[in-house]
There are 2 protein chains.
Amino acid sequence: MTQVIKPTPISGFPEFLPAQQIVFNRMLNIVRTTFERYGFSPIETPAVERKEILTSKGGNEKEIYALSRLAAEEGENAETDLALHFDLTVPLARYVALHKDKLVFPFRRYQIQKVWRGERAQAGRSREFYQCDIDVIGRGSVSILNDAEIPSIIYAIFREMGIGPFVIRINNRKILQGYFASLAVPSDRIADVIRIVDKLEKIGGAKVVAELVKTCELSEETANTILTFLGEAIDTDSVLAKLATIQKANDLLQTGVEELRVVIDGIRAFGVPEDYFKIDLTIARGLEYYTGTVYETQLRSHPEIGSICSGGRYDDLASFFTNEKLPGIGISIGLTRLISVLMEAGLIQVDSATTAQVLVTTMDESRKTDYLRIGALLREAGIATEVYLEKGRLGDQLKYANKKGFPFAVIAGGDEFDRHTVKLKNLVSGEEREIPLTELAAHLHAKG
Amino acid sequence: MTQVIKPTPISGFPEFLPAQQIVFNRMLNIVRTTFERYGFSPIETPAVERKEILTSKGGNEKEIYALSRLAAEEGENAETDLALHFDLTVPLARYVALHKDKLVFPFRRYQIQKVWRGERAQAGRSREFYQCDIDVIGRGSVSILNDAEIPSIIYAIFREMGIGPFVIRINNRKILQGYFASLAVPSDRIADVIRIVDKLEKIGGAKVVAELVKTCELSEETANTILTFLGEAIDTDSVLAKLATIQKANDLLQTGVEELRVVIDGIRAFGVPEDYFKIDLTIARGLEYYTGTVYETQLRSHPEIGSICSGGRYDDLASFFTNEKLPGIGISIGLTRLISVLMEAGLIQVDSATTAQVLVTTMDESRKTDYLRIGALLREAGIATEVYLEKGRLGDQLKYANKKGFPFAVIAGGDEFDRHTVKLKNLVSGEEREIPLTELAAHLHAKG
């Protein structure tokens, strides 16, 4: 026996069995078709970018995987200036800056690709996972109505996935910035205040107040005023009414409140039910990159998963790669993690290890050609079909069909061939019916 | 102005504009749905494997991209034991060896993923590209009928792509091995002879003979006999008849000829037209990995592209990772290169930069909500629709629609809203019709 290399999984690099992969692909397809239904065009960028592109924003070197050649040619350097992308936003910025004269603006693009993050392995953290992004990029400006359309897309996707009730939490960072300025928080502290406030759900009100006092040197009174402002769990219209009473405090706050009102009106016009969205003034998205509307999405039955879809509006997509101002708005769904968690929690059913509807069994070795023809007939009619090509007793073939999860098996022997019929066996109910070959496809179509 | 980093393309890492990406995705979808129609189940492996897995076969270190962390945490090593996969066969072998007790055999899987090859940049060579693979893996054995099914899948895919006539060239390596042995080529030279013979199309008969004489120390007479044996361009049945006359030379040759005959019979039973396949005894596939049936596929109008789909049968998929014998058969389509070449050659039309059917224009700023409702109505009916959300004159909106390649625009102003109608403009023909809003979706469905 040869010495073999033991194949072991690599921590942080998830891999599915076929039945799970089928579920994952079905969900991915819902995301893709919904993006397309809203008129987003696909793009795909290489998995790698130049290092200087990826590090342009700074601060994330530790999570970037760099590429080198395992063995260089003689006299060559194994080093490359390439690394794997860690998100789809930096590649989008580079893509738009590179191709902007060939693109049509507003540029509505979707992008579904794997990204890589070289973090230390942690429970639940993947180093390779899918992101599903949409962005609308304007040249100079892009309408606030896009901010309202995005939640209707989020709603359409997760509704179709059938993963239970969820809520899209909406805020506008201008409101936070304007409000904190109105409380006389020094302008160089506001980013810190937003960063701390963003942790409210995770660490609780008491700790937020303590941090605001300690880190931002706010008075306890101001910190508590902030907490009260953010924390009241009231319905959408009451929040808007409350904001209306204070919006005159300064221009930024006023702009933020007006934007939020237009977004909420738009979301309603797009037909998103009230239960599925709410204003949440504590949502800030850590990144300073965002400058207006921000979103997070939570499963009501599994809030512990955290946000399953987040994003927001930014003033300038590609400031590192072009001097042209490219504002935009976008969201990202981390699909690998979402689906993994939902499968573990039993919120998504994993059943069949095949995408085919029918297994044509082949009990009579001498009639293989006839079985192949039945398979061809069904496929021509658009029915995904496998013909059992190995030698084997019918019982073993049906066992194979059950293990893989085929809904139907076709069985035919000399009698059926003489009568130009087949037996169609429903592998879920066990029911078996003899059907003329000419009616088989129509019969299966009817069974859906 | 900020100093910007110039975004430049990276040689060998192709990237499409949206209209090209739409074409690519359409072709990818044909591949995927055909694989599924034949009952292949999807799997996806991580883009990275441990280095020792990827180098198990040896000899390919120079084309492997290794991963290291761009910046390690203090006290950590930036090196990792990971590298990017260079094909989908080694990952499949690792996957099957790792999960074999959870898989159902014969294991029919498809896998469509990017692979990376760190070669020096050459014209037409990509360092990142898609491979679309299917394999059928048996535990101990797998029927020769699978070898016949594969060409029917190749035929179905390229026929649906509509890229012109093509021919699947089929051979069996046992025939070559057996025949060369029958000519008293020493057994340790046979692999070399096959490697040289495989280059016939590229370098021509005279050079093949010269190389056979020089490298393999064959007599010129033997070399010429081989050339005659391989080179005759005759029809399938004549080749089979010719092979029948010499098959008794030795067991291996005899087995090869019998296998080839069963495969040809099967291909006919699967309904592949005669024009689309042929026996070609010069096809050998360089790799010793293949042990029986081998395939290459050529576009008749563009033979210079080389093989657009290749593969074959192997005795043992995963000998480096398990002692269990796992024979199989598979093919691979290098889709990125194929589509790029076909687009350049004008064999595939690239037209629209949107996947949406309809642009709902928004000439009356005060009726935005009504336009959003029209968009929602169409999407509910399954029609991919973009609502123009920016401010802009109708003329500019129609220009946008034309630039992106929408087939239809919906136009509505006060008059239409009063009459509960819209104007539907066919942007290809220029024709414009007023249609009741309630009939709009049905009307568009009818237009396909």
# chains A, B, ... in the order shown; residues from 1 in each chain; ligands from 1

call {"tool": "select_by_dssp", "arguments": {"residues": "segment 186-264 of chain B", "states": "alpha helix (DSSP H)", "output": "ChimeraX atom specification"}}
result
/B:190-197,200-203,205-216,220-231,236-246,251-264

call {"tool": "write_last_selection", "arguments": {"atoms": "C-alpha atoms", "output": "short mmCIF file (atom, residue, chain, number, x, y, z; two decimals), in the first residue's frame"}}
result
data_model
loop_
_atom_site.label_atom_id
_atom_site.label_comp_id
_atom_site.auth_asym_id
_atom_site.auth_seq_id
_atom_site.Cartn_x
_atom_site.Cartn_y
_atom_site.Cartn_z
CA ILE B 190 5.44 3.57 -24.60
CA ALA B 191 4.61 6.61 -22.47
CA ASP B 192 7.12 8.65 -24.50
CA VAL B 193 5.70 7.42 -27.78
CA ILE B 194 2.20 8.44 -26.68
CA ARG B 195 3.45 11.85 -25.60
CA ILE B 196 5.04 12.43 -29.01
CA VAL B 197 2.12 11.03 -30.99
CA LEU B 200 0.87 15.13 -34.28
CA GLU B 201 -1.64 17.84 -35.02
CA LYS B 202 0.64 20.53 -33.66
CA ILE B 203 3.98 19.59 -35.21
CA GLY B 205 3.88 13.86 -39.34
CA ALA B 206 7.49 14.41 -40.39
CA LYS B 207 8.50 15.83 -37.01
CA VAL B 208 6.62 13.10 -35.15
CA VAL B 209 8.53 10.43 -37.08
CA ALA B 210 11.82 12.25 -36.46
CA GLU B 211 11.11 12.52 -32.74
CA LEU B 212 10.01 8.89 -32.48
CA VAL B 213 13.28 7.83 -34.11
CA LYS B 214 15.45 10.16 -32.07
CA THR B 215 13.84 10.13 -28.62
CA CYS B 216 12.36 6.64 -28.55
CA GLU B 220 12.10 4.71 -39.19
CA GLU B 221 9.94 1.89 -40.50
CA THR B 222 8.15 1.42 -37.17
CA ALA B 223 7.73 5.17 -36.81
CA ASN B 224 6.14 5.35 -40.25
CA THR B 225 3.90 2.37 -39.51
CA ILE B 226 2.66 4.19 -36.42
CA LEU B 227 2.04 7.35 -38.42
CA THR B 228 0.02 5.44 -41.02
CA PHE B 229 -1.98 3.65 -38.33
CA LEU B 230 -2.90 6.91 -36.60
CA GLY B 231 -3.25 9.22 -39.49
CA THR B 236 -16.12 5.93 -37.54
CA ASP B 237 -17.25 2.52 -38.77
CA SER B 238 -14.21 2.13 -41.04
CA VAL B 239 -11.91 2.86 -38.10
CA LEU B 240 -13.74 0.28 -36.02
CA ALA B 241 -13.45 -2.23 -38.89
CA LYS B 242 -9.74 -1.52 -39.26
CA LEU B 243 -9.23 -1.94 -35.53
CA ALA B 244 -11.14 -5.23 -35.60
CA THR B 245 -8.62 -6.67 -38.01
CA ILE B 246 -5.66 -5.99 -35.71
CA ASP B 251 -5.10 -8.29 -24.73
CA LEU B 252 -4.72 -4.61 -24.01
CA LEU B 253 -5.39 -3.63 -27.62
CA GLN B 254 -8.34 -5.99 -27.70
CA THR B 255 -9.82 -4.50 -24.51
CA GLY B 256 -9.32 -1.00 -25.87
CA VAL B 257 -11.05 -1.81 -29.14
CA GLU B 258 -13.99 -3.44 -27.33
CA GLU B 259 -14.36 -0.46 -25.02
CA LEU B 260 -14.25 1.95 -27.93
CA ARG B 261 -16.94 -0.03 -29.75
CA VAL B 262 -19.24 0.00 -26.71
CA VAL B 263 -18.64 3.73 -26.32
CA ILE B 264 -19.47 4.45 -29.97
#

call {"tool": "residues_around", "arguments": {"residues": "segment 297-302 of chain A", "least_positions_apart": "6", "cutoff": "10 Å", "atoms": "only C-alpha atoms", "output": "NGL selection string"}}
result
:A and (151 or 154-155 or 158 or 163-170 or 276-277 or 308-311 or 333 or 341-342 or 345 or 347)

call {"tool": "write_last_selection", "arguments": {"atoms": "N, CA and C atoms", "output": "short mmCIF file (atom, residue, chain, number, x, y, z; two decimals), in the first residue's frame"}}
result
data_model
loop_
_atom_site.label_atom_id
_atom_site.label_comp_id
_atom_site.auth_asym_id
_atom_site.auth_seq_id
_atom_site.Cartn_x
_atom_site.Cartn_y
_atom_site.Cartn_z
N PRO A 151 -34.13 48.52 0.64
CA PRO A 151 -34.86 47.65 1.57
C PRO A 151 -35.90 46.79 0.87
N ILE A 154 -33.97 43.80 -0.23
CA ILE A 154 -33.68 42.94 0.93
C ILE A 154 -34.92 42.14 1.31
N TYR A 155 -36.06 42.84 1.33
CA TYR A 155 -37.32 42.19 1.70
C TYR A 155 -37.65 41.06 0.72
N PHE A 158 -35.20 37.85 1.26
CA PHE A 158 -35.36 37.00 2.45
C PHE A 158 -36.79 36.45 2.56
N ILE A 163 -37.11 32.15 5.37
CA ILE A 163 -36.34 31.87 6.57
C ILE A 163 -36.94 32.54 7.80
N GLY A 164 -38.25 32.81 7.73
CA GLY A 164 -38.94 33.38 8.89
C GLY A 164 -38.89 34.90 8.88
N PRO A 165 -39.59 35.50 9.89
CA PRO A 165 -39.68 36.96 9.93
C PRO A 165 -38.33 37.62 10.21
N PHE A 166 -38.16 38.80 9.66
CA PHE A 166 -36.91 39.55 9.84
C PHE A 166 -37.26 41.03 9.85
N VAL A 167 -36.32 41.84 10.28
CA VAL A 167 -36.58 43.27 10.30
C VAL A 167 -35.35 44.02 9.78
N ILE A 168 -35.62 44.95 8.87
CA ILE A 168 -34.56 45.80 8.32
C ILE A 168 -34.51 47.06 9.17
N ARG A 169 -33.40 47.27 9.83
CA ARG A 169 -33.27 48.45 10.71
C ARG A 169 -32.57 49.55 9.92
N ILE A 170 -33.17 50.72 9.97
CA ILE A 170 -32.72 51.82 9.12
C ILE A 170 -32.36 53.02 9.97
N TYR A 276 -41.65 44.63 8.58
CA TYR A 276 -40.34 44.19 8.11
C TYR A 276 -39.27 45.28 8.08
N PHE A 277 -39.64 46.50 8.53
CA PHE A 277 -38.61 47.53 8.63
C PHE A 277 -38.89 48.41 9.84
N ILE A 308 -27.72 40.07 8.96
CA ILE A 308 -27.56 39.17 7.82
C ILE A 308 -27.45 39.94 6.51
N CYS A 309 -27.63 41.24 6.58
CA CYS A 309 -27.52 42.07 5.38
C CYS A 309 -27.34 43.51 5.81
N SER A 310 -26.24 44.12 5.45
CA SER A 310 -25.93 45.46 5.93
C SER A 310 -25.39 46.31 4.79
N GLY A 311 -25.44 47.63 5.04
CA GLY A 311 -24.87 48.52 4.04
C GLY A 311 -25.29 49.94 4.29
N ILE A 333 -24.65 40.83 1.50
CA ILE A 333 -25.16 39.68 2.24
C ILE A 333 -24.03 38.67 2.37
N VAL A 341 -25.51 28.85 9.27
CA VAL A 341 -26.22 28.98 10.55
C VAL A 341 -27.66 28.49 10.42
N LEU A 342 -28.31 28.85 9.32
CA LEU A 342 -29.72 28.45 9.14
C LEU A 342 -29.85 26.94 9.00
N ALA A 345 -29.41 25.49 12.44
CA ALA A 345 -30.57 25.76 13.29
C ALA A 345 -31.82 25.05 12.78
N LEU A 347 -33.50 25.82 10.23
CA LEU A 347 -34.42 26.77 9.60
C LEU A 347 -34.49 26.56 8.09
#

call {"tool": "residues_around", "arguments": {"residues": "Thr385 of chain B", "least_positions_apart": "3", "cutoff": "7 Å", "atoms": "only C-alpha atoms", "output": "PyMOL selection string"}}
result
(chain A and resi 37-39) or (chain B and resi 356-359+375+378-379)

call {"tool": "write_last_selection", "arguments": {"atoms": "N, CA and C atoms", "output": "PDB file, in the first residue's frame"}}
result
ATOM      1  N   ARG A  37     -33.856  40.979 -11.157  1.00  0.00           N
ATOM      2  CA  ARG A  37     -35.229  41.452 -11.326  1.00  0.00           C
ATOM      3  C   ARG A  37     -35.328  42.959 -11.080  1.00  0.00           C
ATOM      4  N   TYR A  38     -34.410  43.493 -10.276  1.00  0.00           N
ATOM      5  CA  TYR A  38     -34.386  44.930 -10.014  1.00  0.00           C
ATOM      6  C   TYR A  38     -33.443  45.671 -10.969  1.00  0.00           C
ATOM      7  N   GLY A  39     -32.975  44.965 -11.985  1.00  0.00           N
ATOM      8  CA  GLY A  39     -32.175  45.653 -12.990  1.00  0.00           C
ATOM      9  C   GLY A  39     -30.735  45.910 -12.609  1.00  0.00           C
TER      10      GLY A  39
ATOM     11  N   ALA B 356     -32.318  43.381 -17.336  1.00  0.00           N
ATOM     12  CA  ALA B 356     -33.727  43.770 -17.190  1.00  0.00           C
ATOM     13  C   ALA B 356     -34.365  43.962 -18.560  1.00  0.00           C
ATOM     14  N   GLN B 357     -35.673  43.720 -18.613  1.00  0.00           N
ATOM     15  CA  GLN B 357     -36.455  43.838 -19.838  1.00  0.00           C
ATOM     16  C   GLN B 357     -36.955  45.263 -20.049  1.00  0.00           C
ATOM     17  N   VAL B 358     -37.245  45.920 -18.939  1.00  0.00           N
ATOM     18  CA  VAL B 358     -38.011  47.173 -19.005  1.00  0.00           C
ATOM     19  C   VAL B 358     -37.355  48.249 -18.158  1.00  0.00           C
ATOM     20  N   LEU B 359     -37.278  49.463 -18.705  1.00  0.00           N
ATOM     21  CA  LEU B 359     -36.973  50.633 -17.896  1.00  0.00           C
ATOM     22  C   LEU B 359     -38.258  51.446 -17.752  1.00  0.00           C
ATOM     23  N   GLY B 375     -43.190  49.532 -11.363  1.00  0.00           N
ATOM     24  CA  GLY B 375     -42.035  48.632 -11.274  1.00  0.00           C
ATOM     25  C   GLY B 375     -42.353  47.393 -10.445  1.00  0.00           C
ATOM     26  N   LEU B 378     -44.634  44.927 -12.301  1.00  0.00           N
ATOM     27  CA  LEU B 378     -43.947  44.124 -13.316  1.00  0.00           C
ATOM     28  C   LEU B 378     -43.067  43.060 -12.677  1.00  0.00           C
ATOM     29  N   ARG B 379     -42.349  43.416 -11.642  1.00  0.00           N
ATOM     30  CA  ARG B 379     -41.478  42.434 -10.974  1.00  0.00           C
ATOM     31  C   ARG B 379     -42.288  41.291 -10.389  1.00  0.00           C
TER      32      ARG B 379
END

call {"tool": "residues_around", "arguments": {"residues": "Leu70 of chain B", "least_positions_apart": "5", "cutoff": "8 Å", "atoms": "only C-alpha atoms", "output": "list in words"}}
result
Glu61, Lys62, Glu63, Ile64, Tyr65 and Ala66 of chain A; Ala78 of chain B

call {"tool": "interface_residues", "arguments": {"of": "chain A", "to": "chain B", "cutoff": "6 Å", "atoms": "only C-alpha atoms", "output": "NGL selection string"}}
result
:A and (4-7 or 15 or 18 or 21 or 37-39 or 41-43 or 45 or 61-62 or 64-72 or 94 or 98 or 143 or 269 or 320-322 or 354 or 356 or 369 or 384-386 or 390)

call {"tool": "atom_distance", "arguments": {"atom1": "atom CA of Ile157 of chain B", "atom2": "atom CA of Pro303 of chain B"}}
result
18.0 Å

call {"tool": "atom_distance", "arguments": {"atom1": "atom CA of Ser332 of chain B", "atom2": "atom CA of Cys132 of chain B"}}
result
5.5 Å
